[in-house]
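Have a look at final-v6.pdb below; it lists PDB, C-alpha atoms (C1' of nucleotides).
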```
MODEL        1
ATOM      1  CA  MET T   2      -3.422 -13.191  -0.426
ATOM      2  CA  PRO T   3      -3.006 -15.439   2.560
ATOM      3  CA  GLU T   4      -1.980 -13.801   5.775
ATOM      4  CA  LEU T   5      -2.133 -15.363   9.218
ATOM      5  CA  PRO T   6      -5.957 -15.638   9.419
ATOM      6  CA  GLU T   7      -6.148 -17.364   6.055
ATOM      7  CA  VAL T   8      -3.370 -19.766   7.030
ATOM      8  CA  GLU T   9      -5.040 -20.443  10.390
ATOM      9  CA  THR T  10      -8.374 -21.097   8.663
ATOM     10  CA  THR T  11      -6.645 -23.497   6.306
ATOM     11  CA  VAL T  12      -4.863 -25.298   9.140
ATOM     12  CA  GLN T  13      -8.084 -25.797  11.091
ATOM     13  CA  ALA T  14      -9.932 -27.071   8.031
ATOM     14  CA  ILE T  15      -7.350 -29.624   6.947
ATOM     15  CA  SER T  16      -6.575 -30.649  10.518
ATOM     16  CA  ASN T  17     -10.229 -31.592  11.082
ATOM     17  CA  LYS T  18     -10.185 -33.948   8.132
ATOM     18  CA  LEU T  19      -6.659 -35.289   8.037
ATOM     19  CA  LEU T  20      -5.499 -35.921  11.583
ATOM     20  CA  THR T  21      -4.526 -39.591  12.099
ATOM     21  CA  GLN T  22      -5.047 -40.243   8.379
ATOM     22  CA  LYS T  23      -2.446 -41.971   6.233
ATOM     23  CA  ILE T  24      -0.974 -40.297   3.160
ATOM     24  CA  ASP T  25      -1.306 -43.004   0.523
ATOM     25  CA  SER T  26       0.804 -41.026  -1.895
ATOM     26  CA  LEU T  27       2.047 -37.586  -2.796
ATOM     27  CA  GLU T  28       2.033 -36.644  -6.452
ATOM     28  CA  VAL T  29       3.990 -33.634  -7.645
ATOM     29  CA  HIS T  30       2.943 -32.182 -10.979
ATOM     30  CA  GLU T  31       5.099 -29.057 -10.903
ATOM     31  CA  SER T  32       8.189 -28.908  -8.715
ATOM     32  CA  ARG T  33       9.217 -25.372  -9.699
ATOM     33  CA  LEU T  34       7.806 -23.583  -6.685
ATOM     34  CA  ARG T  35       9.662 -21.004  -4.626
ATOM     35  CA  TYR T  36      12.032 -23.741  -3.533
ATOM     36  CA  PRO T  37      12.222 -26.614  -6.010
ATOM     37  CA  PHE T  38      10.618 -29.780  -4.670
ATOM     38  CA  LYS T  39      13.068 -32.677  -4.541
ATOM     39  CA  HIS T  40      11.492 -35.783  -5.932
ATOM     40  CA  ASN T  41      13.448 -38.138  -3.683
ATOM     41  CA  TRP T  42      11.376 -36.720  -0.796
ATOM     42  CA  VAL T  43       8.284 -38.526  -2.088
ATOM     43  CA  LYS T  44       9.381 -41.924  -0.846
ATOM     44  CA  LYS T  45       9.905 -40.512   2.646
ATOM     45  CA  ILE T  46       6.324 -39.201   2.712
ATOM     46  CA  ASP T  47       4.288 -41.931   1.045
ATOM     47  CA  GLY T  48       2.561 -44.226   3.532
ATOM     48  CA  GLN T  49       3.159 -41.979   6.548
ATOM     49  CA  THR T  50       0.484 -41.040   9.072
ATOM     50  CA  ILE T  51      -0.331 -37.427   9.897
ATOM     51  CA  VAL T  52       0.054 -36.829  13.618
ATOM     52  CA  LYS T  53      -0.338 -33.066  13.898
ATOM     53  CA  ILE T  54      -1.073 -30.012  11.772
ATOM     54  CA  ASN T  55      -0.307 -26.524  13.009
ATOM     55  CA  ARG T  56       1.371 -23.357  11.850
ATOM     56  CA  ARG T  57       4.309 -21.120  12.723
ATOM     57  CA  GLY T  58       3.763 -17.663  11.270
ATOM     58  CA  LYS T  59       2.391 -18.328   7.825
ATOM     59  CA  TYR T  60       4.148 -21.667   7.478
ATOM     60  CA  ILE T  61       1.867 -24.707   7.681
ATOM     61  CA  ILE T  62       3.507 -27.647   9.446
ATOM     62  CA  ILE T  63       2.236 -31.153   8.793
ATOM     63  CA  LYS T  64       3.921 -33.419  11.300
ATOM     64  CA  LEU T  65       4.295 -37.008  10.210
ATOM     65  CA  VAL T  66       5.294 -39.997  12.310
ATOM     66  CA  LYS T  67       8.795 -39.417  11.012
ATOM     67  CA  GLY T  68       9.735 -35.952   9.784
ATOM     68  CA  ALA T  69       7.410 -33.159   8.707
ATOM     69  CA  LEU T  70       6.145 -31.215   5.731
ATOM     70  CA  ILE T  71       6.355 -27.442   5.606
ATOM     71  CA  ILE T  72       3.989 -25.629   3.272
ATOM     72  CA  HIS T  73       3.849 -21.915   2.539
ATOM     73  CA  LEU T  74       0.975 -20.504   0.485
ATOM     74  CA  GLY T  75       2.965 -17.555  -0.839
ATOM     75  CA  MET T  76       0.718 -15.016  -2.495
ATOM     76  CA  THR T  77      -1.838 -17.146  -4.285
ATOM     77  CA  GLY T  78      -1.484 -20.649  -2.859
ATOM     78  CA  LYS T  79      -4.562 -22.620  -1.815
ATOM     79  CA  LEU T  80      -5.044 -26.095  -0.371
ATOM     80  CA  TYR T  81      -8.387 -27.592  -1.293
ATOM     81  CA  PHE T  82     -10.189 -30.916  -1.116
ATOM     82  CA  ALA T  83     -11.120 -32.674  -4.322
ATOM     83  CA  ASN T  84     -12.496 -36.020  -5.338
ATOM     84  CA  PRO T  85      -9.890 -38.285  -6.911
ATOM     85  CA  GLN T  86     -11.806 -38.381 -10.181
ATOM     86  CA  ASP T  87     -11.999 -34.577 -10.480
ATOM     87  CA  PRO T  88      -9.732 -33.321 -13.285
ATOM     88  CA  LEU T  89      -6.738 -31.266 -12.237
ATOM     89  CA  LYS T  90      -7.138 -27.507 -12.502
ATOM     90  CA  LYS T  91      -4.586 -25.237 -14.070
ATOM     91  CA  HIS T  92      -1.814 -24.549 -11.522
ATOM     92  CA  ASP T  93      -2.549 -27.622  -9.360
ATOM     93  CA  HIS T  94       1.084 -28.313  -8.489
ATOM     94  CA  PHE T  95       0.867 -31.209  -6.051
ATOM     95  CA  GLU T  96      -1.698 -33.392  -4.308
ATOM     96  CA  PHE T  97      -1.920 -35.771  -1.390
ATOM     97  CA  LYS T  98      -3.986 -38.885  -1.940
ATOM     98  CA  ILE T  99      -5.574 -39.782   1.372
ATOM     99  CA  GLY T 100      -8.221 -42.479   1.409
ATOM    100  CA  ASN T 101     -11.081 -41.414  -0.814
ATOM    101  CA  MET T 102     -10.081 -37.735  -0.935
ATOM    102  CA  ASN T 103      -7.354 -35.649  -2.462
ATOM    103  CA  LEU T 104      -5.841 -32.563  -0.919
ATOM    104  CA  ARG T 105      -4.573 -30.406  -3.767
ATOM    105  CA  TYR T 106      -2.321 -27.371  -3.875
ATOM    106  CA  ASN T 107      -3.132 -24.690  -6.440
ATOM    107  CA  ASP T 108      -0.888 -21.649  -6.849
ATOM    108  CA  PRO T 109      -0.885 -19.542 -10.052
ATOM    109  CA  ARG T 110       2.117 -17.437  -9.094
ATOM    110  CA  ARG T 111       4.133 -20.266  -7.570
ATOM    111  CA  PHE T 112       5.450 -18.149  -4.686
ATOM    112  CA  GLY T 113       4.556 -20.927  -2.266
ATOM    113  CA  CYS T 114       6.563 -24.016  -1.380
ATOM    114  CA  LEU T 115       6.495 -27.614  -0.213
ATOM    115  CA  ILE T 116       9.452 -28.791   1.838
ATOM    116  CA  TRP T 117      10.182 -32.029   3.633
ATOM    117  CA  THR T 118      12.365 -32.087   6.692
ATOM    118  CA  ASN T 119      13.681 -34.988   8.694
ATOM    119  CA  ASN T 120      14.220 -32.823  11.755
ATOM    120  CA  ASP T 121      12.216 -30.541  14.032
ATOM    121  CA  PRO T 122      10.500 -28.159  11.591
ATOM    122  CA  LEU T 123      10.809 -25.270  14.058
ATOM    123  CA  GLN T 124      14.581 -25.609  13.709
ATOM    124  CA  HIS T 125      14.429 -25.325   9.931
ATOM    125  CA  ALA T 126      16.367 -22.394   8.491
ATOM    126  CA  LEU T 127      13.175 -20.760   7.233
ATOM    127  CA  LEU T 128      11.469 -20.880  10.632
ATOM    128  CA  ILE T 129      14.167 -20.595  13.249
ATOM    129  CA  ASN T 130      14.567 -16.834  13.114
ATOM    130  CA  LEU T 131      10.888 -15.922  13.016
ATOM    131  CA  GLY T 132       9.633 -13.336  15.468
ATOM    132  CA  LYS T 133       6.862 -13.607  18.026
ATOM    133  CA  GLU T 134       3.475 -15.146  17.428
ATOM    134  CA  PRO T 135       0.932 -12.315  17.668
ATOM    135  CA  PHE T 136      -1.366 -14.309  19.971
ATOM    136  CA  SER T 137       1.391 -15.171  22.404
ATOM    137  CA  LYS T 138       1.340 -13.492  25.801
ATOM    138  CA  THR T 139       4.825 -12.109  25.284
ATOM    139  CA  PHE T 140       3.774 -10.226  22.166
ATOM    140  CA  SER T 141       2.822  -7.000  23.894
ATOM    141  CA  GLY T 142       3.107  -3.240  23.718
ATOM    142  CA  ASP T 143       6.078  -3.512  25.989
ATOM    143  CA  TYR T 144       7.775  -5.895  23.541
ATOM    144  CA  LEU T 145       7.094  -3.625  20.553
ATOM    145  CA  HIS T 146       8.310  -0.600  22.468
ATOM    146  CA  ARG T 147      11.541  -2.238  23.590
ATOM    147  CA  LYS T 148      12.266  -3.875  20.239
ATOM    148  CA  GLY T 149      11.506  -0.696  18.298
ATOM    149  CA  ARG T 150      13.049   1.952  20.487
ATOM    150  CA  LYS T 151      16.059   2.339  18.192
ATOM    151  CA  SER T 152      14.375   1.531  14.911
ATOM    152  CA  GLU T 153      14.349   4.274  12.297
ATOM    153  CA  THR T 154      11.967   2.523   9.942
ATOM    154  CA  THR T 155       8.269   3.283   9.604
ATOM    155  CA  ILE T 156       5.929   1.545  12.013
ATOM    156  CA  LYS T 157       4.198  -0.163   9.109
ATOM    157  CA  ASN T 158       7.422  -1.745   7.865
ATOM    158  CA  PHE T 159       8.255  -2.649  11.454
ATOM    159  CA  ILE T 160       5.113  -4.655  12.159
ATOM    160  CA  MET T 161       5.327  -6.330   8.744
ATOM    161  CA  ASN T 162       8.837  -7.539   9.555
ATOM    162  CA  ASN T 163       8.657 -11.276  10.308
ATOM    163  CA  LYS T 164      11.591 -11.017  12.664
ATOM    164  CA  VAL T 165       9.497  -8.759  14.888
ATOM    165  CA  VAL T 166       6.091 -10.418  14.692
ATOM    166  CA  VAL T 167       4.836 -13.060  12.277
ATOM    167  CA  GLY T 168       1.693 -13.184  10.233
ATOM    168  CA  VAL T 169       1.022  -9.468   9.765
ATOM    169  CA  GLY T 170       0.863  -8.817   6.039
ATOM    170  CA  ASN T 171      -0.190  -5.736   4.169
ATOM    171  CA  ILE T 172      -3.939  -5.952   4.755
ATOM    172  CA  TYR T 173      -3.808  -6.441   8.509
ATOM    173  CA  ALA T 174      -0.917  -4.025   9.027
ATOM    174  CA  ASN T 175      -3.088  -1.303   7.509
ATOM    175  CA  GLU T 176      -6.098  -2.324   9.580
ATOM    176  CA  ALA T 177      -4.218  -2.611  12.877
ATOM    177  CA  LEU T 178      -2.612   0.817  12.466
ATOM    178  CA  TYR T 179      -6.013   2.329  11.781
ATOM    179  CA  LEU T 180      -7.517   0.703  14.872
ATOM    180  CA  ALA T 181      -4.602   1.961  16.969
ATOM    181  CA  GLY T 182      -4.848   5.466  15.476
ATOM    182  CA  ILE T 183      -1.217   5.443  14.356
ATOM    183  CA  HIS T 184      -0.065   6.946  11.050
ATOM    184  CA  PRO T 185       1.629   4.192   9.006
ATOM    185  CA  LYS T 186       4.626   6.370   8.188
ATOM    186  CA  ARG T 187       5.404   7.299  11.788
ATOM    187  CA  LYS T 188       8.938   6.415  12.854
ATOM    188  CA  THR T 189       8.938   3.377  15.094
ATOM    189  CA  CYS T 190      11.248   4.863  17.726
ATOM    190  CA  ASN T 191       8.924   7.832  18.168
ATOM    191  CA  ILE T 192       5.962   5.828  19.414
ATOM    192  CA  SER T 193       5.127   5.863  23.112
ATOM    193  CA  LEU T 194       4.644   2.751  25.221
ATOM    194  CA  LYS T 195       0.964   3.564  25.571
ATOM    195  CA  ARG T 196       0.501   3.646  21.808
ATOM    196  CA  CYS T 197       2.531   0.457  21.411
ATOM    197  CA  ASP T 198       0.088  -1.157  23.847
ATOM    198  CA  GLU T 199      -2.782  -0.072  21.635
ATOM    199  CA  LEU T 200      -0.995  -1.344  18.549
ATOM    200  CA  ALA T 201      -0.222  -4.788  19.988
ATOM    201  CA  TYR T 202      -3.820  -5.062  21.138
ATOM    202  CA  SER T 203      -5.103  -3.950  17.728
ATOM    203  CA  ILE T 204      -2.971  -6.545  15.921
ATOM    204  CA  LYS T 205      -4.327  -9.321  18.140
ATOM    205  CA  ARG T 206      -7.863  -8.068  17.758
ATOM    206  CA  VAL T 207      -7.883  -7.639  13.977
ATOM    207  CA  LEU T 208      -6.275 -11.038  13.410
ATOM    208  CA  ALA T 209      -8.691 -12.768  15.796
ATOM    209  CA  LYS T 210     -11.697 -11.127  14.164
ATOM    210  CA  ALA T 211     -10.476 -12.070  10.708
ATOM    211  CA  ILE T 212     -10.047 -15.694  11.775
ATOM    212  CA  ARG T 213     -13.628 -15.721  13.064
ATOM    213  CA  SER T 214     -14.768 -14.430   9.654
ATOM    214  CA  GLY T 215     -12.851 -17.148   7.836
ATOM    215  CA  GLY T 216     -10.169 -14.771   6.545
ATOM    216  CA  THR T 217     -10.215 -12.075   3.896
ATOM    217  CA  THR T 218     -10.979 -12.841   0.273
ATOM    218  CA  ILE T 219      -9.822 -10.085  -2.061
ATOM    219  CA  LYS T 220      -9.723 -12.252  -5.130
ATOM    220  CA  ASP T 221      -7.509 -15.246  -4.496
ATOM    221  CA  TYR T 222      -8.254 -16.790  -1.152
ATOM    222  CA  PHE T 223     -10.677 -19.672  -0.605
ATOM    223  CA  SER T 224     -10.763 -22.153   2.259
ATOM    224  CA  PRO T 225     -10.016 -25.847   1.622
ATOM    225  CA  SER T 226     -13.754 -26.501   1.325
ATOM    226  CA  GLY T 227     -14.142 -23.672  -1.187
ATOM    227  CA  GLU T 228     -15.560 -20.966   1.102
ATOM    228  CA  PRO T 229     -14.418 -17.367   0.646
ATOM    229  CA  GLY T 230     -13.428 -15.314   3.701
ATOM    230  CA  TYR T 231     -15.951 -12.754   4.859
ATOM    231  CA  PHE T 232     -13.640 -10.240   6.537
ATOM    232  CA  LYS T 233     -13.444  -8.023   3.441
ATOM    233  CA  ASN T 234     -16.751  -6.414   4.414
ATOM    234  CA  LYS T 235     -15.297  -5.454   7.763
ATOM    235  CA  LEU T 236     -12.150  -3.708   6.518
ATOM    236  CA  TYR T 237     -11.758  -0.121   7.699
ATOM    237  CA  VAL T 238      -9.072   1.124   5.320
ATOM    238  CA  TYR T 239      -7.523  -1.547   3.081
ATOM    239  CA  GLY T 240      -8.610  -1.045  -0.534
ATOM    240  CA  ARG T 241     -10.884   1.865   0.419
ATOM    241  CA  LYS T 242      -9.081   4.807  -1.221
ATOM    242  CA  ASN T 243     -11.393   7.832  -1.562
ATOM    243  CA  GLU T 244     -14.136   6.074   0.369
ATOM    244  CA  SER T 245     -15.175   7.686   3.635
ATOM    245  CA  CYS T 246     -13.634   6.816   6.976
ATOM    246  CA  ARG T 247     -16.094   4.806   9.046
ATOM    247  CA  ARG T 248     -15.380   7.020  12.059
ATOM    248  CA  CYS T 249     -14.899  10.588  10.834
ATOM    249  CA  LYS T 250     -16.217  10.433   7.243
ATOM    250  CA  ASN T 251     -13.054  11.980   5.764
ATOM    251  CA  LYS T 252     -11.665  10.334   2.625
ATOM    252  CA  ILE T 253      -9.326   7.379   3.076
ATOM    253  CA  LYS T 254      -5.924   8.111   1.531
ATOM    254  CA  ARG T 255      -3.431   5.856  -0.198
ATOM    255  CA  MET T 256       0.364   6.102  -0.256
ATOM    256  CA  ILE T 257       3.220   3.719  -1.008
ATOM    257  CA  ILE T 258       5.378   2.596   1.917
ATOM    258  CA  GLY T 259       8.118   0.071   1.251
ATOM    259  CA  GLN T 260       6.638  -0.557  -2.208
ATOM    260  CA  ARG T 261       3.335  -1.631  -0.690
ATOM    261  CA  SER T 262      -0.008   0.105  -0.907
ATOM    262  CA  SER T 263      -0.885   1.755   2.366
ATOM    263  CA  PHE T 264      -4.324   3.039   3.260
ATOM    264  CA  TYR T 265      -5.050   5.344   6.163
ATOM    265  CA  CYS T 266      -7.208   8.154   7.481
ATOM    266  CA  SER T 267      -5.164  11.319   7.954
ATOM    267  CA  HIS T 268      -7.637  12.576  10.549
ATOM    268  CA  CYS T 269      -7.861   9.454  12.719
ATOM    269  CA  GLN T 270      -4.227   8.362  12.391
ATOM    270  CA  THR T 271      -1.399  10.572  13.642
TER
ATOM    271  C1'  DA I  20      24.167  -3.806  10.497
ATOM    272  C1'  DA I  21      19.739  -1.970   9.656
ATOM    273  C1'  DA I  22      17.066  -0.409   6.037
ATOM    274  C1'  DT I  23      15.749  -0.487   1.458
ATOM    275  C1'  DT I  24      15.273  -2.439  -3.067
ATOM    276  C1'  DC I  25      15.075  -6.389  -6.092
ATOM    277  C1'  DT I  26      13.200 -10.698  -7.467
ATOM    278  C1'  DC I  27      10.298 -14.610  -8.372
ATOM    279  C1'  DC I  28       5.354 -15.288 -10.906
ATOM    280  C1'  DT I  29       0.486 -14.995 -13.342
ATOM    281  C1'  DG I  30      -3.882 -12.846 -14.056
ATOM    282  C1'  DA I  31      -6.678  -8.898 -13.971
ATOM    283  C1'  DA I  32      -7.377  -4.323 -15.265
ATOM    284  C1'  DG I  33      -6.666  -0.155 -17.768
ATOM    285  C1'  DG I  34      -5.007   2.600 -21.781
ATOM    286  C1'  DC I  35      -4.778   3.448 -26.570
TER
ATOM    287  C1'  DT H   7     -10.584  -6.608 -30.557
ATOM    288  C1'  DG H   8      -5.994  -6.876 -29.185
ATOM    289  C1'  DC H   9      -1.672  -5.781 -27.600
ATOM    290  C1'  DC H  10       0.911  -3.442 -24.277
ATOM    291  C1'  DT H  11       1.869  -1.768 -19.550
ATOM    292  C1'  DT H  12       0.916  -1.683 -14.726
ATOM    293  C1'  DC H  13      -0.330  -3.564 -10.437
ATOM    294  C1'  DA H  14      -1.106  -7.039  -6.758
ATOM    295  C1'  DG H  15       2.450  -8.649  -2.606
ATOM    296  C1'  DG H  16       5.150 -12.838   0.772
ATOM    297  C1'  DA H  17       9.524 -12.890   1.986
ATOM    298  C1'  DG H  18      14.285 -14.269   1.049
ATOM    299  C1'  DA H  19      18.218 -12.329  -1.520
ATOM    300  C1'  DA H  20      20.827  -8.616  -2.888
ATOM    301  C1'  DT H  21      22.259  -4.099  -2.312
ATOM    302  C1'  DT H  22      23.036   0.320  -0.069
TER
ENDMDL
END
```

Whole structure given in structure tokens:
Amino acid sequence: MPELPEVETTVQAISNKLLTQKIDSLEVHESRLRYPFKHNWVKKIDGQTIVKINRRGKYIIIKLVKGALIIHLGMTGKLYFANPQDPLKKHDHFEFKIGNMNLRYNDPRRFGCLIWTNNDPLQHALLINLGKEPFSKTFSGDYLHRKGRKSETTIKNFIMNNKVVVGVGNIYANEALYLAGIHPKRKTCNISLKRCDELAYSIKRVLAKAIRSGGTTIKDYFSPSGEPGYFKNKLYVYGRKNESCRRCKNKIKRMIIGQRSSFYCSHCQT
DNA sequence: AAATTCTCCTGAAGGC
DNA sequence: TGCCTTCAGGAGAATT
């Protein structure tokens, strides 16, 4: 399940290979993704040169000379490099033909998307209202404290809200709350500035560490060159129900918050 | 209006 | 062995 580290890993990998390259053609095999792909976009993309690849939240932005592509990996989306003669795999929905390599998109659940925009992608309706980037200087304990001082929702829902901060999905929300020692069900408005500082720092730290490990592979994620992420071995709580807390040895507990599995240590998190 | 629930989808896992 | 149910969750849409 791609979260920010997996998207960042993907962006770095494809950027290394594709910058300044020309897209010979885009072939769409299945347009029924989260947002249907419009086939008249193809002629706007074919023959264009890639000038920049970056991300905003979990959206991958491929800037072309004119216009840009926006890709979201959804739950199970993967971009990977293939040789042109390799047969398509099940759920390969589209591919870019670039010189002697193909960049293919595989997504069993089809929660991802491919969108073309003529305008500034950051102004696109899907991106314009996104919250702060976790690595930005202005994403701080002070920001969380101010933004959340009237919020009645749980802190876990709060940090998973893309209008607050982008890129924090279920895995890293659980991990960051553990590192900060905050119970996931605690009401946001009841958290002190000092603890918000610890939480903002923990979010930055867990995301940065996961990027250095190449992301987290639970079962779906692989990098464009086929490497799994190695952060799974470093998880403190996610997926560790009934295993012992790495700090206090008590059993990790599981509860549902906002219809998502939440893992925590009731001794270390209050 | 913020908070919560619903929805899309497939594959894996578990129960009987 | 095989069929059924349940679960996984990103995030916009719908609902409360």

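Coordinates place atom CA of Gly240 of chain T at a distance of 19.6 Å from atom CA of Arg206 of chain T.
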
Could you spell out the hits of the PyMOL selection byres ((chain I and resi 20-30) around 6) on the shown file, as a PyMOL selection string?
-> (chain T and resi 109-110) or (chain I and resi 31)

Quick one: write out the picked residues with C-alpha atoms (C1' of nucleotides) as a PDB file, in the coordinates of the input?
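Written file, selection.pdb:
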```
ATOM      1  CA  PRO T 109      -0.885 -19.542 -10.052  1.00  0.00           C
ATOM      2  CA  ARG T 110       2.117 -17.437  -9.094  1.00  0.00           C
TER       3      ARG T 110
ATOM      4  C1'  DA I  31      -6.678  -8.898 -13.971  1.00  0.00           C
TER       5       DA I  31
END
```

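Atom CA of Leu70 of chain T lies 17.3 Å from atom CA of Arg111 of chain T.
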
Segment 9-20 of chain H environment, 8 Å, only C-alpha atoms (C1' of nucleotides), sequence neighbours closer than 6 positions dropped, as an MDAnalysis selection string | (chainID T and resid 2 75:76 112 170:171 261) or (chainID I and resid 25:26)

Let's have the selection written as a JSON list (two decimals), in the frame of the given file, with C-alpha atoms (C1' of nucleotides).
```
[["chain", "number", "residue", "atom", "x", "y", "z"],
["T", 2, "MET", "CA", -3.42, -13.19, -0.43],
["T", 75, "GLY", "CA", 2.96, -17.56, -0.84],
["T", 76, "MET", "CA", 0.72, -15.02, -2.50],
["T", 112, "PHE", "CA", 5.45, -18.15, -4.69],
["T", 170, "GLY", "CA", 0.86, -8.82, 6.04],
["T", 171, "ASN", "CA", -0.19, -5.74, 4.17],
["T", 261, "ARG", "CA", 3.34, -1.63, -0.69],
["I", 25, "DC", "C1'", 15.08, -6.39, -6.09],
["I", 26, "DT", "C1'", 13.20, -10.70, -7.47]]
```

Can you list what the PyMOL selection byres ((chain T and resi 51-62) around 9) grabs from this structure, as a ChimeraX atom specification?
-> /T:3-9,11-13,15-16,19-24,49-50,63-66,69-75,122-123,128,131-135,163,166-169

Residues matched by the PyMOL selection byres ((chain T and resi 40) around 12), written as a VMD selection string | chain T and resid 27 to 33 37 to 39 41 to 47 95 115 to 117

Would you mind listing what lies within 6 Å of segment 265-269 of chain T as a PDB file with C-alpha atoms, in the frame of the given file, with all atoms listed in the file counted and same-chain residues fewer than 2 positions away left out?
```pdb
ATOM      1  CA  GLY T 182      -4.848   5.466  15.476  1.00  0.00           C
ATOM      2  CA  VAL T 238      -9.072   1.124   5.320  1.00  0.00           C
ATOM      3  CA  ILE T 253      -9.326   7.379   3.076  1.00  0.00           C
ATOM      4  CA  LYS T 254      -5.924   8.111   1.531  1.00  0.00           C
TER       5      LYS T 254
END
```

Shortest contact to chain I, candidates T:Ile156, T:Leu34, T:Ala174, T:Leu80, atoms counted all atoms listed in the file, goes to T:Leu34
